[in-house]
Amino acid sequence: MKQYKVKHEIQYHDIIECITCALDARDTYTAGHSKRVSDMALRVCYVLRLKKKEIQKIHIAAHLHDIGKIGIPDSILKKPGKLSPYEFEEMKKHVLLGKKLVDKMQLGVIAQNIALYHHEKWNGKGYCYGLKENEIPLEARIVALADVYDALRQKRVYKDGFSHEEAVEIIKKESGQHFDP
């Protein structure tokens, strides 16, 4: 039984890795983002001294935080500039599709929460539900922090990447607003 469980876990990780590779292939400009976010979320989990099983679930599920972007049209996903209000509304739908996909894969509540709530903000001004403070599941708050950190650090068509120090300073300024203080 133990061998079956280990084999099942290896297959599970392989499937997640394949999905992440598919996402990277679709949007090569943000290639590696999912893995970096997952690795950063892992570090945050260790700092918070979460239970080992919870850390593992968050680490794996964080890879899929943007899985719903697979359903966003290329004209929006790959747009090299600022999104129009309509395009931004369409982009927001990736969290809803992400949750549906995670549900279909039966990956559990932690993965569902990450996919659906990683764009909620501590002050309630995030999307899709306007959750605030502790209404936002901890795993989603962790991935939100890792997601923004990585986005700040990476160069984009519309911006240069920030240094680690600059990214940390921006995040500190958003403490209590965007992020859990």
# chains A, B, ... in the order shown; residues from 1 in each chain; ligands from 1
call {"tool": "residues_around", "arguments": {"residues": "Ile114 of chain A", "least_positions_apart": "2", "cutoff": "8 Å", "atoms": "only C-alpha atoms", "output": "PyMOL selection string"}}
result
chain A and resi 61-62+65+110-112+116-118+139-140+143
call {"tool": "residues_around", "arguments": {"residues": "segment 100-108 of chain A", "least_positions_apart": "2", "cutoff": "12 Å", "atoms": "only C-alpha atoms", "output": "PyMOL selection string"}}
result
chain A and resi 9+12-13+15-16+19+54+57-58+60-71+93-98+110-116
call {"tool": "closest_residue", "arguments": {"among": "A:Ile136, A:Ser38, A:Tyr149, A:Cys45", "to": "Glu165 of chain A", "atoms": "only C-alpha atoms"}}
result
A:Tyr149
call {"tool": "closest_residue", "arguments": {"among": "A:His119, A:Tyr86, A:Lys35, A:Val44", "to": "Leu131 of chain A", "atoms": "only C-alpha atoms"}}
result
A:His119
call {"tool": "atom_distance", "arguments": {"atom1": "atom CA of Lys79 of chain A", "atom2": "atom CA of His33 of chain A"}}
result
17.1 Å
call {"tool": "closest_residue", "arguments": {"among": "A:Tyr129, A:Ile171, A:Trp122, A:Asp74", "to": "Lys92 of chain A", "atoms": "only C-alpha atoms"}}
result
A:Tyr129
call {"tool": "closest_residue", "arguments": {"among": "A:His59, A:Lys78, A:Lys53, A:Lys125", "to": "Gly176 of chain A", "atoms": "only C-alpha atoms"}}
result
A:Lys125
call {"tool": "select_by_dssp", "arguments": {"residues": "segment 63-155 of chain A", "states": "helix (DSSP H, G or I)", "output": "ChimeraX atom specification"}}
result
/A:67-71,74-77,85-92,94-105,109-117,133-135,138-153
call {"tool": "atom_distance", "arguments": {"atom1": "atom CA of Leu23 of chain A", "atom2": "atom CA of Gly161 of chain A"}}
result
21.2 Å
call {"tool": "residues_around", "arguments": {"residues": "His164 of chain A", "least_positions_apart": "6", "cutoff": "12 Å", "atoms": "only C-alpha atoms", "output": "list in words"}}
result
Tyr149, Asp150, Ala151, Leu152, Arg153, Gln154, Ile170 and Ile171 of chain A
call {"tool": "write_last_selection", "arguments": {"atoms": "all heavy atoms", "output": "PDB file, in the first residue's frame"}}
result
ATOM      1  N   TYR A 149       5.399  39.366  -5.704  1.00  0.00           N
ATOM      2  CA  TYR A 149       6.860  39.494  -5.629  1.00  0.00           C
ATOM      3  C   TYR A 149       7.486  39.093  -6.962  1.00  0.00           C
ATOM      4  O   TYR A 149       8.315  39.822  -7.515  1.00  0.00           O
ATOM      5  CB  TYR A 149       7.434  38.651  -4.484  1.00  0.00           C
ATOM      6  CG  TYR A 149       8.941  38.662  -4.468  1.00  0.00           C
ATOM      7  CD1 TYR A 149       9.626  39.732  -3.892  1.00  0.00           C
ATOM      8  CD2 TYR A 149       9.693  37.646  -5.051  1.00  0.00           C
ATOM      9  CE1 TYR A 149      11.022  39.771  -3.897  1.00  0.00           C
ATOM     10  CE2 TYR A 149      11.068  37.670  -5.063  1.00  0.00           C
ATOM     11  CZ  TYR A 149      11.731  38.736  -4.479  1.00  0.00           C
ATOM     12  OH  TYR A 149      13.101  38.786  -4.499  1.00  0.00           O
ATOM     13  N   ASP A 150       7.075  37.945  -7.491  1.00  0.00           N
ATOM     14  CA  ASP A 150       7.655  37.487  -8.756  1.00  0.00           C
ATOM     15  C   ASP A 150       7.312  38.442  -9.895  1.00  0.00           C
ATOM     16  O   ASP A 150       8.171  38.745 -10.723  1.00  0.00           O
ATOM     17  CB  ASP A 150       7.188  36.067  -9.100  1.00  0.00           C
ATOM     18  CG  ASP A 150       7.928  35.541 -10.315  1.00  0.00           C
ATOM     19  OD1 ASP A 150       9.153  35.320 -10.213  1.00  0.00           O
ATOM     20  OD2 ASP A 150       7.296  35.398 -11.375  1.00  0.00           O
ATOM     21  N   ALA A 151       6.090  38.910  -9.941  1.00  0.00           N
ATOM     22  CA  ALA A 151       5.687  39.851 -10.999  1.00  0.00           C
ATOM     23  C   ALA A 151       6.502  41.144 -10.934  1.00  0.00           C
ATOM     24  O   ALA A 151       6.897  41.693 -11.967  1.00  0.00           O
ATOM     25  CB  ALA A 151       4.193  40.156 -10.900  1.00  0.00           C
ATOM     26  N   LEU A 152       6.771  41.623  -9.736  1.00  0.00           N
ATOM     27  CA  LEU A 152       7.578  42.834  -9.586  1.00  0.00           C
ATOM     28  C   LEU A 152       9.019  42.611 -10.058  1.00  0.00           C
ATOM     29  O   LEU A 152       9.613  43.484 -10.684  1.00  0.00           O
ATOM     30  CB  LEU A 152       7.596  43.293  -8.120  1.00  0.00           C
ATOM     31  CG  LEU A 152       6.302  43.877  -7.569  1.00  0.00           C
ATOM     32  CD1 LEU A 152       6.388  44.041  -6.049  1.00  0.00           C
ATOM     33  CD2 LEU A 152       5.976  45.209  -8.226  1.00  0.00           C
ATOM     34  N   ARG A 153       9.556  41.452  -9.774  1.00  0.00           N
ATOM     35  CA  ARG A 153      10.950  41.170 -10.096  1.00  0.00           C
ATOM     36  C   ARG A 153      11.208  40.945 -11.585  1.00  0.00           C
ATOM     37  O   ARG A 153      12.305  41.178 -12.064  1.00  0.00           O
ATOM     38  CB  ARG A 153      11.413  39.927  -9.317  1.00  0.00           C
ATOM     39  CG  ARG A 153      11.436  40.117  -7.822  1.00  0.00           C
ATOM     40  CD  ARG A 153      12.662  40.815  -7.314  1.00  0.00           C
ATOM     41  NE  ARG A 153      13.797  39.928  -7.427  1.00  0.00           N
ATOM     42  CZ  ARG A 153      14.969  40.272  -7.950  1.00  0.00           C
ATOM     43  NH1 ARG A 153      15.185  41.487  -8.386  1.00  0.00           N
ATOM     44  NH2 ARG A 153      15.949  39.397  -8.026  1.00  0.00           N
ATOM     45  N   GLN A 154      10.177  40.505 -12.311  1.00  0.00           N
ATOM     46  CA  GLN A 154      10.367  40.152 -13.715  1.00  0.00           C
ATOM     47  C   GLN A 154      10.153  41.343 -14.645  1.00  0.00           C
ATOM     48  O   GLN A 154       9.257  42.150 -14.437  1.00  0.00           O
ATOM     49  CB  GLN A 154       9.413  39.017 -14.113  1.00  0.00           C
ATOM     50  CG  GLN A 154       9.565  37.766 -13.279  1.00  0.00           C
ATOM     51  CD  GLN A 154      10.995  37.281 -13.167  1.00  0.00           C
ATOM     52  OE1 GLN A 154      11.684  37.105 -14.163  1.00  0.00           O
ATOM     53  NE2 GLN A 154      11.460  37.058 -11.936  1.00  0.00           N
ATOM     54  N   ILE A 170       8.123  47.817  -1.976  1.00  0.00           N
ATOM     55  CA  ILE A 170       6.767  47.961  -2.513  1.00  0.00           C
ATOM     56  C   ILE A 170       5.793  47.088  -1.722  1.00  0.00           C
ATOM     57  O   ILE A 170       4.701  47.541  -1.340  1.00  0.00           O
ATOM     58  CB  ILE A 170       6.735  47.611  -4.020  1.00  0.00           C
ATOM     59  CG1 ILE A 170       7.478  48.686  -4.821  1.00  0.00           C
ATOM     60  CG2 ILE A 170       5.294  47.458  -4.518  1.00  0.00           C
ATOM     61  CD1 ILE A 170       7.772  48.289  -6.258  1.00  0.00           C
ATOM     62  N   ILE A 171       6.187  45.870  -1.447  1.00  0.00           N
ATOM     63  CA  ILE A 171       5.332  44.954  -0.684  1.00  0.00           C
ATOM     64  C   ILE A 171       5.110  45.479   0.732  1.00  0.00           C
ATOM     65  O   ILE A 171       3.989  45.440   1.252  1.00  0.00           O
ATOM     66  CB  ILE A 171       5.915  43.531  -0.698  1.00  0.00           C
ATOM     67  CG1 ILE A 171       5.728  42.932  -2.107  1.00  0.00           C
ATOM     68  CG2 ILE A 171       5.272  42.655   0.367  1.00  0.00           C
ATOM     69  CD1 ILE A 171       6.462  41.636  -2.348  1.00  0.00           C
TER      70      ILE A 171
END
call {"tool": "closest_residue", "arguments": {"among": "A:Gly124, A:Gly81, A:Gly32, A:Pro73", "to": "Tyr158 of chain A", "atoms": "only C-alpha atoms"}}
result
A:Gly81
call {"tool": "atom_distance", "arguments": {"atom1": "atom CA of Gln177 of chain A", "atom2": "atom CA of Ala41 of chain A"}}
result
19.4 Å
call {"tool": "closest_residue", "arguments": {"among": "A:Lys52, A:Cys21, A:Ile72, A:Arg36", "to": "Glu89 of chain A", "atoms": "only C-alpha atoms"}}
result
A:Ile72
call {"tool": "residues_around", "arguments": {"residues": "Asn123 of chain A", "least_positions_apart": "2", "cutoff": "10 Å", "atoms": "only C-alpha atoms", "output": "PyMOL selection string"}}
result
chain A and resi 120-121+125-126+130-133+174-180
